[in-house]
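Peer 1: Contents are compact mmCIF, C-alpha atoms (C1' of nucleotides); file name start_20.txt:
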```
# COMPACT_ATOMS: atom_id res chain seq x y z
CA MET A 450 0.00 0.00 0.00
CA PRO A 451 2.20 2.73 1.18
CA GLU A 452 3.85 5.09 -1.23
CA LEU A 453 5.85 8.15 -0.26
CA PRO A 454 3.03 10.09 1.48
CA GLU A 455 2.00 7.12 3.62
CA VAL A 456 5.54 6.22 4.72
CA GLU A 457 6.32 9.90 5.27
CA THR A 458 3.24 10.20 7.50
CA ILE A 459 4.23 7.20 9.62
CA LYS A 460 7.78 8.53 9.84
CA SER A 461 6.85 11.97 11.15
CA GLN A 462 4.31 10.57 13.58
CA LEU A 463 6.76 8.03 15.00
CA GLN A 464 9.46 10.66 15.20
CA LYS A 465 7.51 12.44 17.91
CA LEU A 466 6.60 9.21 19.66
CA ILE A 467 9.73 7.08 19.88
CA VAL A 468 12.88 9.18 19.48
CA GLY A 469 14.80 8.94 22.76
CA LYS A 470 13.32 5.56 23.69
CA LYS A 471 15.33 2.36 23.72
CA LEU A 472 14.66 -0.70 21.58
CA SER A 473 16.44 -3.86 22.76
CA GLY A 474 18.87 -1.69 24.65
CA LYS A 475 19.71 0.66 21.81
CA LYS A 476 18.73 4.30 21.92
CA ILE A 477 16.66 5.65 19.03
CA VAL A 478 18.15 8.91 17.77
CA GLY A 479 16.01 9.58 14.71
CA LEU A 480 13.70 8.43 11.95
CA ARG A 481 14.04 8.90 8.22
CA ARG A 482 12.42 7.82 5.00
CA ARG A 483 14.22 6.94 1.79
CA ALA A 484 11.93 6.07 -1.14
CA LYS A 485 9.29 3.82 0.51
CA VAL A 486 11.69 2.55 3.17
CA LEU A 487 11.26 3.68 6.77
CA ILE A 488 14.50 3.94 8.73
CA ILE A 489 14.93 3.97 12.51
CA ASP A 490 18.42 5.16 13.47
CA PHE A 491 20.18 4.13 16.67
CA ALA A 492 22.86 5.88 18.67
CA ASP A 493 25.45 3.24 17.75
CA GLY A 494 25.09 4.06 14.05
CA SER A 495 23.03 1.00 13.17
CA SER A 496 19.52 1.17 11.77
CA LEU A 497 16.31 -0.78 11.50
CA LEU A 498 14.75 -0.72 8.02
CA PHE A 499 11.10 -1.35 7.17
CA HIS A 500 9.31 -1.90 3.89
CA LEU A 501 5.53 -2.14 4.17
CA LYS A 502 5.01 -3.30 0.57
CA MET A 503 1.25 -3.65 -0.10
CA THR A 504 -0.46 -4.24 3.23
CA GLY A 505 2.04 -3.44 5.95
CA GLN A 506 1.09 -1.32 8.96
CA LEU A 507 3.16 0.09 11.80
CA ILE A 508 0.94 1.10 14.68
CA PHE A 509 2.16 2.67 17.90
CA ASN A 510 0.70 0.82 20.89
CA GLY A 511 -1.47 -1.10 18.44
CA VAL A 512 -3.62 -4.00 19.53
CA PRO A 513 -2.20 -7.25 18.13
CA SER A 514 -4.35 -9.12 15.62
CA ARG A 515 -4.08 -12.31 13.60
CA HIS A 516 -2.05 -10.38 11.04
CA THR A 517 0.48 -9.06 13.52
CA ARG A 518 3.92 -10.24 12.38
CA HIS A 519 6.05 -8.64 15.07
CA ILE A 520 5.79 -6.44 18.14
CA PHE A 521 8.68 -4.09 18.93
CA LYS A 522 8.80 -3.21 22.60
CA PHE A 523 10.36 -0.04 23.93
CA ASP A 524 12.05 0.40 27.28
CA ASP A 525 9.15 2.42 28.69
CA GLY A 526 6.58 -0.30 27.99
CA SER A 527 5.16 1.22 24.81
CA SER A 528 5.26 -0.76 21.59
CA LEU A 529 5.19 -0.73 17.82
CA VAL A 530 2.99 -3.35 16.18
CA PHE A 531 3.88 -4.54 12.71
CA ASN A 532 0.88 -5.96 10.84
CA ASP A 533 0.93 -7.33 7.32
CA VAL A 534 -1.92 -9.35 5.80
CA ARG A 535 -0.05 -10.39 2.66
CA LYS A 536 3.34 -10.93 4.29
CA PHE A 537 5.25 -9.10 1.56
CA GLY A 538 6.60 -6.50 3.94
CA TRP A 539 9.89 -6.88 5.76
CA PHE A 540 12.16 -5.34 8.35
CA LYS A 541 15.84 -5.83 8.94
CA LYS A 542 18.69 -4.55 11.03
CA VAL A 543 21.66 -3.04 9.23
CA LYS A 544 24.96 -1.77 10.56
CA ASP A 545 25.01 1.08 8.09
CA SER A 546 21.86 2.36 6.40
CA ARG A 547 23.88 3.74 3.50
CA VAL A 548 23.68 0.27 1.96
CA ILE A 549 20.25 1.13 0.52
CA GLU A 550 21.34 4.37 -1.14
CA LYS A 551 22.45 2.84 -4.40
CA SER A 552 19.01 1.34 -5.03
CA PHE A 553 17.24 4.66 -5.39
CA GLY A 554 17.12 7.71 -7.61
CA PRO A 555 16.45 11.26 -6.34
CA GLU A 556 13.61 11.67 -3.86
CA ALA A 557 10.39 12.67 -5.64
CA LEU A 558 9.85 15.58 -3.23
CA LYS A 559 13.40 16.84 -3.69
CA ILE A 560 14.07 16.27 -7.38
CA SER A 561 14.86 19.44 -9.35
CA LEU A 562 13.41 20.15 -12.78
CA LYS A 563 16.88 19.70 -14.19
CA GLU A 564 17.28 16.29 -12.51
CA LEU A 565 13.88 15.21 -13.84
CA LYS A 566 14.99 16.11 -17.35
CA VAL A 567 18.13 14.01 -16.88
CA VAL A 568 15.97 11.06 -15.80
CA LEU A 569 13.75 11.45 -18.87
CA GLN A 570 16.80 11.56 -21.12
CA LYS A 571 18.16 8.39 -19.58
CA ARG A 572 14.96 6.52 -20.54
CA LEU A 573 13.79 8.09 -23.78
CA LYS A 574 11.63 5.18 -24.94
CA THR A 575 10.14 4.25 -21.59
CA ARG A 576 6.46 4.93 -21.01
CA ILE A 577 5.98 7.70 -18.53
CA LYS A 578 3.89 5.87 -15.94
CA PRO A 579 6.30 2.96 -15.36
CA LEU A 580 9.12 5.49 -15.47
CA LEU A 581 7.57 7.52 -12.63
CA MET A 582 7.21 4.32 -10.58
CA ASP A 583 10.79 3.12 -11.13
CA GLN A 584 12.44 3.69 -7.75
CA LYS A 585 15.91 3.67 -9.30
CA LEU A 586 14.94 6.71 -11.39
CA ILE A 587 12.69 8.66 -9.00
CA ALA A 588 12.08 7.48 -5.46
CA GLY A 589 8.71 7.38 -3.72
CA ILE A 590 5.97 7.34 -6.38
CA GLY A 591 3.74 4.26 -6.73
CA ASN A 592 0.58 3.27 -8.55
CA ILE A 593 -1.93 5.65 -7.00
CA TYR A 594 0.14 8.81 -7.15
CA SER A 595 1.58 8.18 -10.61
CA ASP A 596 -1.99 8.09 -11.92
CA GLU A 597 -2.91 11.26 -10.04
CA ILE A 598 0.23 13.13 -11.10
CA LEU A 599 -0.21 12.24 -14.77
CA PHE A 600 -3.85 13.29 -14.68
CA ALA A 601 -2.97 16.62 -13.07
CA ALA A 602 -0.26 17.19 -15.70
CA LYS A 603 -2.63 16.11 -18.51
CA VAL A 604 -0.15 13.53 -19.73
CA HIS A 605 -1.30 10.11 -20.98
CA PRO A 606 0.38 7.26 -19.05
CA LEU A 607 1.51 5.52 -22.26
CA ARG A 608 3.53 8.49 -23.54
CA ARG A 609 7.21 7.75 -24.13
CA ALA A 610 9.58 9.94 -22.18
CA GLN A 611 11.13 11.41 -25.33
CA THR A 612 7.76 12.67 -26.62
CA LEU A 613 7.14 14.99 -23.66
CA LYS A 614 7.33 18.67 -24.56
CA GLU A 615 9.14 21.19 -22.37
CA LYS A 616 5.84 22.56 -21.10
CA GLU A 617 4.61 19.09 -20.17
CA ILE A 618 7.82 18.24 -18.33
CA VAL A 619 7.41 21.38 -16.25
CA LEU A 620 3.79 20.49 -15.50
CA LEU A 621 4.83 16.97 -14.58
CA TRP A 622 7.50 18.24 -12.21
CA GLN A 623 5.16 20.78 -10.61
CA ASN A 624 2.47 18.18 -10.07
CA ILE A 625 4.84 15.61 -8.60
CA GLN A 626 5.47 18.17 -5.85
CA LYS A 627 1.90 19.38 -5.60
CA ILE A 628 0.15 15.99 -5.42
CA LEU A 629 2.66 14.40 -3.04
CA LYS A 630 2.67 17.39 -0.70
CA ALA A 631 -1.13 17.45 -0.62
CA ALA A 632 -1.24 13.70 0.07
CA VAL A 633 1.26 14.08 2.93
CA LYS A 634 -0.88 16.89 4.34
CA TYR A 635 -3.89 14.56 4.45
CA ARG A 636 -1.80 11.72 5.93
CA GLY A 637 -1.95 9.53 2.83
CA THR A 638 -4.61 7.47 1.07
CA SER A 639 -6.52 4.67 2.82
CA ASP A 640 -8.11 2.76 -0.02
CA ARG A 641 -8.02 -0.57 1.75
CA ASP A 642 -5.51 -1.50 4.42
CA TYR A 643 -3.35 1.53 5.03
CA LEU A 644 -3.40 3.03 8.52
CA ASP A 645 -1.05 5.61 9.98
CA ALA A 646 1.02 5.14 13.14
CA PHE A 647 -2.03 5.98 15.27
CA GLY A 648 -4.09 3.32 13.51
CA GLN A 649 -6.11 5.99 11.70
CA LYS A 650 -7.03 6.23 8.03
CA GLY A 651 -5.39 8.73 5.73
CA GLU A 652 -7.79 11.24 4.24
CA TYR A 653 -6.47 11.76 0.74
CA LEU A 654 -8.81 9.12 -0.75
CA SER A 655 -11.58 11.67 -1.28
CA HIS A 656 -9.14 13.91 -3.17
CA LEU A 657 -8.28 11.30 -5.80
CA LYS A 658 -9.30 12.26 -9.33
CA VAL A 659 -8.68 9.09 -11.34
CA TYR A 660 -7.35 6.19 -9.25
CA GLY A 661 -10.15 3.69 -8.65
CA LYS A 662 -12.59 5.76 -10.72
CA GLU A 663 -12.95 3.56 -13.79
CA GLY A 664 -16.20 4.29 -15.63
CA GLU A 665 -16.81 7.59 -13.84
CA ARG A 666 -16.99 11.00 -15.50
CA CYS A 667 -13.71 12.90 -15.73
CA SER A 668 -13.66 15.76 -13.25
CA ARG A 669 -12.56 18.30 -15.84
CA CYS A 670 -13.94 17.15 -19.20
CA PRO A 671 -16.77 14.98 -20.62
CA GLY A 672 -14.45 11.96 -20.86
CA ILE A 673 -14.90 8.67 -18.97
CA ILE A 674 -12.08 7.40 -16.78
CA LYS A 675 -10.48 4.32 -18.24
CA ARG A 676 -8.52 1.54 -16.56
CA GLN A 677 -5.81 -0.25 -18.51
CA LYS A 678 -2.91 -2.51 -17.57
CA ILE A 679 0.38 -0.75 -18.16
CA GLY A 680 3.59 -2.39 -17.07
CA GLY A 681 1.61 -4.97 -15.14
CA ARG A 682 -0.27 -2.39 -13.07
CA SER A 683 -3.71 -0.85 -13.40
CA ALA A 684 -3.43 2.63 -14.83
CA HIS A 685 -6.38 5.00 -14.46
CA PHE A 686 -6.67 8.00 -16.76
CA CYS A 687 -8.96 10.13 -18.87
CA PRO A 688 -8.37 9.21 -22.52
CA LYS A 689 -9.95 12.49 -23.59
CA CYS A 690 -7.95 15.12 -21.74
CA GLN A 691 -4.69 13.26 -21.07
CA LYS A 692 -3.05 13.58 -24.44
CA ILE A 693 -1.43 10.58 -26.07
C1' DA B 1244 18.81 -3.16 -22.81
C1' DT B 1245 14.13 -2.96 -21.72
C1' DT B 1246 9.94 -5.06 -20.98
C1' DC B 1247 6.76 -8.65 -19.63
C1' DG B 1248 4.72 -12.19 -16.95
C1' DG B 1249 4.82 -14.60 -12.92
C1' DA B 1250 5.93 -15.22 -8.10
C1' DC B 1251 5.57 -13.94 -3.42
C1' DC B 1252 0.63 -14.07 0.04
C1' DT B 1253 -4.12 -13.23 1.89
C1' DG B 1254 -8.76 -11.78 1.68
C1' DA B 1255 -12.50 -8.89 -0.16
C1' DA B 1256 -15.48 -8.21 -3.85
C1' DA B 1257 -17.39 -9.32 -8.15
C1' DG B 1258 -18.95 -12.73 -11.42
C1' DC B 1259 -21.51 -16.86 -12.48
C1' DT C 469 -26.27 -19.95 -1.70
C1' DG C 470 -22.06 -21.39 -3.13
C1' DC C 471 -17.94 -21.81 -6.07
C1' DT C 472 -14.59 -19.38 -9.11
C1' DT C 473 -12.24 -15.50 -10.72
C1' DT C 474 -10.25 -11.04 -10.30
C1' DC C 475 -8.02 -7.63 -7.98
C1' DA C 476 -5.08 -5.09 -4.53
C1' DG C 477 -0.64 1.52 -2.21
C1' DG C 478 5.39 -3.32 -4.24
C1' DT C 479 9.39 -5.39 -5.74
C1' DC C 480 12.20 -9.17 -7.56
C1' DC C 481 13.61 -12.56 -11.01
C1' DG C 482 14.03 -14.96 -15.19
C1' DA C 483 12.71 -15.32 -19.82
C1' DA C 484 11.52 -13.13 -24.39
```
What's the structure tokens form of this structure?
Peer 2:
Amino acid sequence: MPELPEVETIKSQLQKLIVGKKLSGKKIVGLRRRAKVLIIDFADGSSLLFHLKMTGQLIFNGVPSRHTRHIFKFDDGSSLVFNDVRKFGWFKKVKDSRVIEKSFGPEALKISLKELKVVLQKRLKTRIKPLLMDQKLIAGIGNIYSDEILFAAKVHPLRRAQTLKEKEIVLLWQNIQKILKAAVKYRGTSDRDYLDAFGQKGEYLSHLKVYGKEGERCSRCPGIIKRQKIGGRSAHFCPKCQKI
DNA sequence: ATTCGGACCTGAAAGC
DNA sequence: TGCTTTCAGGTCCGAA
């Protein structure tokens, strides 16, 4: 489930809740997010990495359920409950969190227009939706937000990177920032399983324009939202106002 | 060198 | 009422 806004939400919530506490004797000094990976840093320089994949949840003082995979207990008696229905998610201890750096491109919320252009030039023939979701190229965007960003930028998901005009690239870049920031503000999208660190739903679902809206009227033109498999994932878009 | 399908899992919803 | 199929916020791997 979680893409950048969801992991970012959990990160900032946990930051206020668990920094300074001890986990199996090691003091927590900070939390970070890189791409969709949540990182808990310890005073000794080691880290604990989490990937929630599709259905992972990390809930502070959560009540254990049949899908609870692990409970992390802090020195003050509080806890962090890791739930994951589909068991794709993982966590692991690493001595140095820099090991993950090479797997990811620039952060979606930090990428400059110039860097985005470099990415597009590295993958001229690649279709824009899978390109946006490739964590090695741009880190943090997944299926929901790639659809929303492309809709906002009026770019069809099947467009090849090299066909994007200057104006469209700028719109794409602006909307990457705009959509992700808005989603973070509303604590992410709870379409099915996602819950934040307090066990609450994110509220961005009602702001979605195309994801999950197959067959509905486009919000800005008379078109009907279409769903089509692209790169193995369901893409949602308006075939009328997102230009091919 | 990309791209595609399948695999990893479980469960909810839709289809018949 | 069943039973079957499809689908899901992600990534990885091997084969075209």
Peer 1: Show me, as CSV, the residues of chain B having an atom within 10 Å of chain A, each with the closest atom pair and its distance in Å, using only C-alpha atoms (C1' of nucleotides).
Peer 2:
```
residue,atom,partner,partner_atom,distance
B:DT1245,C1',A:Thr575,CA,8.2
B:DT1246,C1',A:Gly680,CA,7.9
B:DC1247,C1',A:Gly680,CA,7.5
B:DG1248,C1',A:Gly681,CA,8.1
B:DC1251,C1',A:Phe537,CA,7.0
B:DC1252,C1',A:Arg535,CA,4.6
B:DT1253,C1',A:Arg535,CA,5.0
B:DG1254,C1',A:Val534,CA,8.3
B:DA1255,C1',A:Arg641,CA,9.6
```
Peer 1: Grab the atom CA of A:Gly651 to atom CA of A:Phe540 distance for me, in Å with one decimal place.
Peer 2: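 Separating atom CA of A:Gly651 from atom CA of A:Phe540 is a distance of 22.6 Å.
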Peer 1: Rounded to one decimal in Å, what is the spacing between atom CA of A:Lys470 and atom CA of A:Gly494?
Peer 2: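 Atom CA of A:Gly494 lies 15.3 Å from atom CA of A:Lys470.
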Peer 1: For stretch 474-481 of chain C, list every protein, DNA or RNA residue within 6 Å, evaluated using only C-alpha atoms (C1' of nucleotides), and leave out those in the same chain fewer than 4 positions away; present the list as an MDAnalysis selection string.
Peer 2: chainID A and resid 450:452 502:503
Peer 1: For the atom pair atom CA of A:Lys675 and atom CA of A:Val619, what is the interatomic distance in Å to one decimal place?
Peer 2: 24.8 Å
Peer 1: When you get a sec, could you note down which chain A residues fall within 10 Å of chain C, using all atoms listed in the file, as a list in words?
Peer 2: Met450, Pro451, Glu452, Leu453, Glu455, Lys485, His500, Leu501, Lys502, Met503, Thr504, Gly505, Phe537, Gly538, Gln584, Ile590, Gly591, Asn592, Ile593, Tyr594, Gly637, Thr638, Ser639, Asp640, Arg641, Asp642, Tyr643 and Ser683 of chain A
Peer 1: Compare A:Pro671, A:Lys578, A:Phe553, A:Leu621 by their minimum atom-to-atom distance to A:Lys566, counting all atoms listed in the file, and give me the closest one.
Peer 2: A:Leu621
Peer 1: Using all atoms of stretch 586-595 of chain A listed in the file and a margin of 4 Å per side, can you give the axis-aligned box centre and edge lengths in Å to one decimal, as lines of an AutoDock Vina configuration file?
Peer 2:
```
center_x = 6.5
center_y = 6.0
center_z = -7.6
size_x = 24.9
size_y = 13.5
size_z = 15.7
```
Peer 1: Using only C-alpha atoms, which residue out of A:Ile560, A:Cys670, A:Ala684, A:Leu586 lies closest to A:His605?
Peer 2: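 Ranked by minimum distance to A:His605, first place goes to A:Ala684.
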Peer 1: Nearest residue to A:Phe499 out of A:Asn532, A:Ser655, A:Gln611, A:Gln626, using only C-alpha atoms?
Peer 2: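 That would be A:Asn532, the residue with the smallest distance to A:Phe499.
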Peer 1: Choose the residue, out of A:Trp539, A:Lys616, A:Ala631, A:Lys603, that has the smallest atom-to-atom separation from A:Arg669; count only C-alpha atoms.
Peer 2: A:Lys603
Peer 1: Could you get me a file of chain C with N, CA and C atoms (P, O5', C5', C4', C3', O3' and C1' of nucleotides), as a PDB file, in the first residue's frame, taken from the block above?
Peer 2:
```
ATOM      1  P    DT C 469     -27.033 -16.758   1.746  1.00  0.00           P
ATOM      2  O5'  DT C 469     -27.256 -17.880   0.737  1.00  0.00           O
ATOM      3  C5'  DT C 469     -28.038 -19.009   1.089  1.00  0.00           C
ATOM      4  C4'  DT C 469     -27.466 -20.163   0.306  1.00  0.00           C
ATOM      5  C3'  DT C 469     -25.995 -20.451   0.590  1.00  0.00           C
ATOM      6  O3'  DT C 469     -25.813 -21.866   0.604  1.00  0.00           O
ATOM      7  C1'  DT C 469     -26.271 -19.951  -1.701  1.00  0.00           C
ATOM      8  P    DG C 470     -24.423 -22.516   1.162  1.00  0.00           P
ATOM      9  O5'  DG C 470     -23.254 -21.566   0.613  1.00  0.00           O
ATOM     10  C5'  DG C 470     -22.040 -22.144   0.280  1.00  0.00           C
ATOM     11  C4'  DG C 470     -22.065 -22.652  -1.148  1.00  0.00           C
ATOM     12  C3'  DG C 470     -20.672 -22.757  -1.730  1.00  0.00           C
ATOM     13  O3'  DG C 470     -20.478 -24.045  -2.263  1.00  0.00           O
ATOM     14  C1'  DG C 470     -22.062 -21.389  -3.128  1.00  0.00           C
ATOM     15  P    DC C 471     -19.054 -24.775  -2.127  1.00  0.00           P
ATOM     16  O5'  DC C 471     -18.357 -24.557  -3.533  1.00  0.00           O
ATOM     17  C5'  DC C 471     -19.037 -24.873  -4.736  1.00  0.00           C
ATOM     18  C4'  DC C 471     -18.440 -24.058  -5.847  1.00  0.00           C
ATOM     19  C3'  DC C 471     -16.913 -23.913  -5.733  1.00  0.00           C
ATOM     20  O3'  DC C 471     -16.326 -24.327  -6.947  1.00  0.00           O
ATOM     21  C1'  DC C 471     -17.939 -21.807  -6.069  1.00  0.00           C
ATOM     22  P    DT C 472     -14.740 -24.104  -7.184  1.00  0.00           P
ATOM     23  O5'  DT C 472     -14.762 -22.764  -8.035  1.00  0.00           O
ATOM     24  C5'  DT C 472     -15.517 -22.721  -9.238  1.00  0.00           C
ATOM     25  C4'  DT C 472     -15.118 -21.482 -10.024  1.00  0.00           C
ATOM     26  C3'  DT C 472     -13.609 -21.288 -10.145  1.00  0.00           C
ATOM     27  O3'  DT C 472     -13.323 -20.881 -11.478  1.00  0.00           O
ATOM     28  C1'  DT C 472     -14.591 -19.384  -9.109  1.00  0.00           C
ATOM     29  P    DT C 473     -11.838 -20.555 -11.962  1.00  0.00           P
ATOM     30  O5'  DT C 473     -11.889 -18.962 -11.989  1.00  0.00           O
ATOM     31  C5'  DT C 473     -12.909 -18.321 -12.739  1.00  0.00           C
ATOM     32  C4'  DT C 473     -12.801 -16.822 -12.560  1.00  0.00           C
ATOM     33  C3'  DT C 473     -11.392 -16.254 -12.806  1.00  0.00           C
ATOM     34  O3'  DT C 473     -11.535 -15.186 -13.726  1.00  0.00           O
ATOM     35  C1'  DT C 473     -12.235 -15.501 -10.717  1.00  0.00           C
ATOM     36  P    DT C 474     -10.249 -14.431 -14.277  1.00  0.00           P
ATOM     37  O5'  DT C 474     -10.275 -13.119 -13.375  1.00  0.00           O
ATOM     38  C5'  DT C 474     -11.423 -12.292 -13.380  1.00  0.00           C
ATOM     39  C4'  DT C 474     -11.200 -11.146 -12.422  1.00  0.00           C
ATOM     40  C3'  DT C 474      -9.827 -10.483 -12.547  1.00  0.00           C
ATOM     41  O3'  DT C 474     -10.025  -9.086 -12.636  1.00  0.00           O
ATOM     42  C1'  DT C 474     -10.250 -11.044 -10.304  1.00  0.00           C
ATOM     43  P    DC C 475      -8.858  -8.157 -13.171  1.00  0.00           P
ATOM     44  O5'  DC C 475      -8.527  -7.299 -11.877  1.00  0.00           O
ATOM     45  C5'  DC C 475      -9.571  -6.754 -11.085  1.00  0.00           C
ATOM     46  C4'  DC C 475      -9.016  -6.498  -9.706  1.00  0.00           C
ATOM     47  C3'  DC C 475      -7.557  -6.039  -9.720  1.00  0.00           C
ATOM     48  O3'  DC C 475      -7.484  -4.633  -9.510  1.00  0.00           O
ATOM     49  C1'  DC C 475      -8.016  -7.628  -7.978  1.00  0.00           C
ATOM     50  P    DA C 476      -6.078  -3.901  -9.656  1.00  0.00           P
ATOM     51  O5'  DA C 476      -5.567  -3.781  -8.153  1.00  0.00           O
ATOM     52  C5'  DA C 476      -6.287  -3.023  -7.195  1.00  0.00           C
ATOM     53  C4'  DA C 476      -5.694  -3.266  -5.831  1.00  0.00           C
ATOM     54  C3'  DA C 476      -4.161  -3.285  -5.823  1.00  0.00           C
ATOM     55  O3'  DA C 476      -3.661  -1.971  -5.627  1.00  0.00           O
ATOM     56  C1'  DA C 476      -5.076  -5.088  -4.532  1.00  0.00           C
ATOM     57  P    DG C 477      -2.826  -1.288  -6.824  1.00  0.00           P
ATOM     58  O5'  DG C 477      -1.909  -0.265  -6.066  1.00  0.00           O
ATOM     59  C5'  DG C 477      -2.181   0.316  -4.872  1.00  0.00           C
ATOM     60  C4'  DG C 477      -0.947   1.145  -4.482  1.00  0.00           C
ATOM     61  C3'  DG C 477       0.235   0.331  -3.977  1.00  0.00           C
ATOM     62  O3'  DG C 477       1.384   1.155  -4.145  1.00  0.00           O
ATOM     63  C1'  DG C 477      -0.645   1.518  -2.206  1.00  0.00           C
ATOM     64  P    DG C 478       2.552   0.645  -5.036  1.00  0.00           P
ATOM     65  O5'  DG C 478       3.021  -0.697  -4.295  1.00  0.00           O
ATOM     66  C5'  DG C 478       3.585  -0.639  -3.022  1.00  0.00           C
ATOM     67  C4'  DG C 478       4.887  -1.408  -2.976  1.00  0.00           C
ATOM     68  C3'  DG C 478       5.925  -1.026  -4.028  1.00  0.00           C
ATOM     69  O3'  DG C 478       7.188  -0.964  -3.388  1.00  0.00           O
ATOM     70  C1'  DG C 478       5.386  -3.321  -4.243  1.00  0.00           C
ATOM     71  P    DT C 479       8.475  -0.394  -4.154  1.00  0.00           P
ATOM     72  O5'  DT C 479       9.149  -1.716  -4.708  1.00  0.00           O
ATOM     73  C5'  DT C 479       9.910  -2.450  -3.765  1.00  0.00           C
ATOM     74  C4'  DT C 479      10.119  -3.849  -4.222  1.00  0.00           C
ATOM     75  C3'  DT C 479      11.215  -3.989  -5.285  1.00  0.00           C
ATOM     76  O3'  DT C 479      12.165  -4.831  -4.701  1.00  0.00           O
ATOM     77  C1'  DT C 479       9.390  -5.393  -5.743  1.00  0.00           C
ATOM     78  P    DC C 480      13.672  -4.878  -5.054  1.00  0.00           P
ATOM     79  O5'  DC C 480      13.854  -6.396  -5.505  1.00  0.00           O
ATOM     80  C5'  DC C 480      13.246  -7.414  -4.720  1.00  0.00           C
ATOM     81  C4'  DC C 480      13.207  -8.710  -5.506  1.00  0.00           C
ATOM     82  C3'  DC C 480      14.316  -8.858  -6.548  1.00  0.00           C
ATOM     83  O3'  DC C 480      14.883 -10.148  -6.429  1.00  0.00           O
ATOM     84  C1'  DC C 480      12.201  -9.168  -7.558  1.00  0.00           C
ATOM     85  P    DC C 481      16.294 -10.486  -7.133  1.00  0.00           P
ATOM     86  O5'  DC C 481      15.876 -11.624  -8.169  1.00  0.00           O
ATOM     87  C5'  DC C 481      14.953 -12.647  -7.788  1.00  0.00           C
ATOM     88  C4'  DC C 481      14.524 -13.392  -9.029  1.00  0.00           C
ATOM     89  C3'  DC C 481      15.602 -13.482 -10.102  1.00  0.00           C
ATOM     90  O3'  DC C 481      15.710 -14.809 -10.589  1.00  0.00           O
ATOM     91  C1'  DC C 481      13.615 -12.559 -11.012  1.00  0.00           C
ATOM     92  P    DG C 482      17.023 -15.227 -11.468  1.00  0.00           P
ATOM     93  O5'  DG C 482      16.378 -16.124 -12.610  1.00  0.00           O
ATOM     94  C5'  DG C 482      15.132 -16.766 -12.412  1.00  0.00           C
ATOM     95  C4'  DG C 482      14.357 -16.756 -13.709  1.00  0.00           C
ATOM     96  C3'  DG C 482      15.238 -16.977 -14.954  1.00  0.00           C
ATOM     97  O3'  DG C 482      14.551 -17.839 -15.841  1.00  0.00           O
ATOM     98  C1'  DG C 482      14.032 -14.964 -15.185  1.00  0.00           C
ATOM     99  P    DA C 483      15.303 -18.473 -17.118  1.00  0.00           P
ATOM    100  O5'  DA C 483      14.291 -18.131 -18.301  1.00  0.00           O
ATOM    101  C5'  DA C 483      12.887 -18.353 -18.130  1.00  0.00           C
ATOM    102  C4'  DA C 483      12.129 -17.455 -19.089  1.00  0.00           C
ATOM    103  C3'  DA C 483      12.633 -17.548 -20.537  1.00  0.00           C
ATOM    104  O3'  DA C 483      11.515 -17.539 -21.407  1.00  0.00           O
ATOM    105  C1'  DA C 483      12.714 -15.315 -19.816  1.00  0.00           C
ATOM    106  P    DA C 484      11.580 -17.943 -22.947  1.00  0.00           P
ATOM    107  O5'  DA C 484      10.447 -17.017 -23.577  1.00  0.00           O
ATOM    108  C5'  DA C 484      10.630 -16.500 -24.870  1.00  0.00           C
ATOM    109  C4'  DA C 484      10.273 -15.045 -24.898  1.00  0.00           C
ATOM    110  C3'  DA C 484      10.644 -14.376 -26.222  1.00  0.00           C
ATOM    111  O3'  DA C 484       9.521 -13.681 -26.724  1.00  0.00           O
ATOM    112  C1'  DA C 484      11.519 -13.127 -24.394  1.00  0.00           C
TER     113       DA C 484
END
```
